[in-house]
Amino acid sequence: MNGINIKRINIVNLKKPINLYFSVIIIKKINRITMETKEIITKVQIYRIEESGNEKKMLIEKAQEACGRAYAPYSNYHVGAAILLDTGEIITGNNQENAAYPSGLCAERTAFFYANSKYPNMKVKMIAVAAFHNGEFSKEVCTPCGSCRQVMSEMEEKNKEPIKILMCSKDTVYELNSVRDLLPLGFGFESMV
């Protein structure tokens with residue numbers, strides 16, 4: 001039987017009696033837990049930047065331009081992000097480092113937080129991310145960190161529409177159709193119910 005029993009204890013060996021309450025929770029196990037396997041598949045479109053359409057190419061260029069405004073004196077790894085809103089407006093952000101390491105902020109979160117504070121009711125359609133390091137755009141595709149993935153997941157959930165992600169190297173794009181492809185078992189509104 002499931003239930004909660006509350007007991008009262010009186011301690012009388014003191015000058016002033018103290019009442020303590022504690023609860024005993026009785027839980028009856030109804031089902032056995034069985035192991036389950038879940039397969040998660042992420043589909044990534046990979047293509048050269050020049051093969052992307054005009055809208056995507058423009059967004060990638062804005063992300064690359066944003067790299068030049070990054071403040072990265074410690075890592076020398078300049079990241080730029082460009083967000084396309086459903087109105088057609090583009091918001092850019094870049095990483096902002098700080099000597100007190102956790103006080104810095106990544107390019108993606110800089111762009112998302114600015115977009116959400118300025119246009120709280122607008123939806124994000126797409127984000128492009130690029131990086132500049134050692135005098136050239138990164139040879140490897142620039143992917144968002146875990147914290148950025150979580151923030152993007154929250155925005156996608158808020159928008160109730162997928163956000164397309166373009167992760168770029170100097171000549172290649174990895175395209176995902178949704179943040180869920182980057183963070184398939186994410187924590188969000190549903191997790192707290």
# chains A, B, ... in the order shown; residues from 1 in each chain; ligands from 1

$ select_by_dssp --residues "segment 69-140 of chain A" --states "helix (DSSP H, G or I)" --output "PDB file with N, CA and C atoms, in the first residue's frame"
ATOM      1  N   TYR A 101      37.693  32.880 -15.864  1.00  0.00           N
ATOM      2  CA  TYR A 101      37.229  32.005 -16.929  1.00  0.00           C
ATOM      3  C   TYR A 101      35.712  31.789 -17.029  1.00  0.00           C
ATOM      4  N   PRO A 102      35.018  31.411 -15.979  1.00  0.00           N
ATOM      5  CA  PRO A 102      33.587  31.132 -16.187  1.00  0.00           C
ATOM      6  C   PRO A 102      32.739  32.375 -16.475  1.00  0.00           C
ATOM      7  N   SER A 103      33.334  33.545 -16.379  1.00  0.00           N
ATOM      8  CA  SER A 103      32.573  34.778 -16.611  1.00  0.00           C
ATOM      9  C   SER A 103      32.420  35.113 -18.099  1.00  0.00           C
ATOM     10  N   ALA A 107      29.733  32.562 -28.335  1.00  0.00           N
ATOM     11  CA  ALA A 107      29.100  33.330 -29.410  1.00  0.00           C
ATOM     12  C   ALA A 107      27.614  33.004 -29.564  1.00  0.00           C
ATOM     13  N   GLU A 108      27.279  31.719 -29.500  1.00  0.00           N
ATOM     14  CA  GLU A 108      25.893  31.305 -29.702  1.00  0.00           C
ATOM     15  C   GLU A 108      24.979  31.867 -28.618  1.00  0.00           C
ATOM     16  N   ARG A 109      25.409  31.771 -27.361  1.00  0.00           N
ATOM     17  CA  ARG A 109      24.589  32.297 -26.269  1.00  0.00           C
ATOM     18  C   ARG A 109      24.514  33.812 -26.308  1.00  0.00           C
ATOM     19  N   THR A 110      25.621  34.469 -26.693  1.00  0.00           N
ATOM     20  CA  THR A 110      25.591  35.928 -26.827  1.00  0.00           C
ATOM     21  C   THR A 110      24.506  36.332 -27.825  1.00  0.00           C
ATOM     22  N   ALA A 111      24.471  35.659 -28.973  1.00  0.00           N
ATOM     23  CA  ALA A 111      23.485  35.973 -30.011  1.00  0.00           C
ATOM     24  C   ALA A 111      22.065  35.624 -29.560  1.00  0.00           C
ATOM     25  N   PHE A 112      21.886  34.448 -28.980  1.00  0.00           N
ATOM     26  CA  PHE A 112      20.536  34.034 -28.558  1.00  0.00           C
ATOM     27  C   PHE A 112      20.002  34.924 -27.443  1.00  0.00           C
ATOM     28  N   PHE A 113      20.820  35.250 -26.455  1.00  0.00           N
ATOM     29  CA  PHE A 113      20.344  36.084 -25.351  1.00  0.00           C
ATOM     30  C   PHE A 113      20.000  37.493 -25.835  1.00  0.00           C
ATOM     31  N   TYR A 114      20.813  38.025 -26.743  1.00  0.00           N
ATOM     32  CA  TYR A 114      20.505  39.348 -27.291  1.00  0.00           C
ATOM     33  C   TYR A 114      19.201  39.298 -28.090  1.00  0.00           C
ATOM     34  N   ALA A 115      19.075  38.303 -28.943  1.00  0.00           N
ATOM     35  CA  ALA A 115      17.857  38.174 -29.762  1.00  0.00           C
ATOM     36  C   ALA A 115      16.615  38.032 -28.885  1.00  0.00           C
ATOM     37  N   ASN A 116      16.713  37.215 -27.847  1.00  0.00           N
ATOM     38  CA  ASN A 116      15.552  36.988 -26.977  1.00  0.00           C
ATOM     39  C   ASN A 116      15.229  38.218 -26.135  1.00  0.00           C
ATOM     40  N   SER A 117      16.241  39.002 -25.755  1.00  0.00           N
ATOM     41  CA  SER A 117      15.966  40.200 -24.958  1.00  0.00           C
ATOM     42  C   SER A 117      15.404  41.330 -25.814  1.00  0.00           C
ATOM     43  N   LYS A 118      15.841  41.409 -27.066  1.00  0.00           N
ATOM     44  CA  LYS A 118      15.361  42.480 -27.940  1.00  0.00           C
ATOM     45  C   LYS A 118      14.055  42.121 -28.647  1.00  0.00           C
TER      46      LYS A 118
END

$ residues_around --residues "Val44 of chain A" --least-positions-apart "4" --cutoff "10 Å" --atoms "only C-alpha atoms" --output "ChimeraX atom specification"
/A:165-166,173-177,181-182

$ residues_around --residues "Val129 of chain A" --least-positions-apart "3" --cutoff "7 Å" --atoms "only C-alpha atoms" --output "PyMOL selection string"
chain A and resi 63+80-82+142+166-168

$ closest_residue --among "A:Gly135, A:Pro144, A:Pro162, A:Gly188" --to "Asn95 of chain A" --atoms "only C-alpha atoms"
A:Pro144

$ select_by_dssp --residues "chain A" --states "strand (DSSP E)" --output "PyMOL selection string"
chain A and resi 3-11+18-26+45-48+77-85+90-94+124-133+136-137+164-168+172-176

$ atom_distance --atom1 "atom CA of Leu59 of chain A" --atom2 "atom CA of Met126 of chain A"
8.5 Å

$ closest_residue --among "A:Lys38, A:Arg69, A:Lys164, A:Arg180" --to "Leu84 of chain A" --atoms "only C-alpha atoms"
A:Lys164

$ closest_residue --among "A:Ala131, A:Glu190, A:Arg149, A:Asn121" --to "Tyr77 of chain A" --atoms "only C-alpha atoms"
A:Ala131

$ atom_distance --atom1 "atom CA of Lys43 of chain A" --atom2 "atom CA of Ile127 of chain A"
17.1 Å

$ closest_atom_pairs --of "segment 81-122 of chain A" --to "segment 71-75 of chain A" --cutoff "8 Å" --atoms "only C-alpha atoms" --output "JSON lines"
{"residue": "A:Asn94", "atom": "CA", "partner": "A:Tyr71", "partner_atom": "CA", "distance": 7.7}
{"residue": "A:Asn95", "atom": "CA", "partner": "A:Tyr71", "partner_atom": "CA", "distance": 6.3}
{"residue": "A:Gln96", "atom": "CA", "partner": "A:Tyr71", "partner_atom": "CA", "distance": 4.8}
{"residue": "A:Glu97", "atom": "CA", "partner": "A:Ala72", "partner_atom": "CA", "distance": 5.3}
{"residue": "A:Ala99", "atom": "CA", "partner": "A:Tyr74", "partner_atom": "CA", "distance": 7.7}

$ closest_residue --among "A:Glu55, A:Lys170, A:Phe189, A:His133" --to "Asn76 of chain A" --atoms "only C-alpha atoms"
A:His133
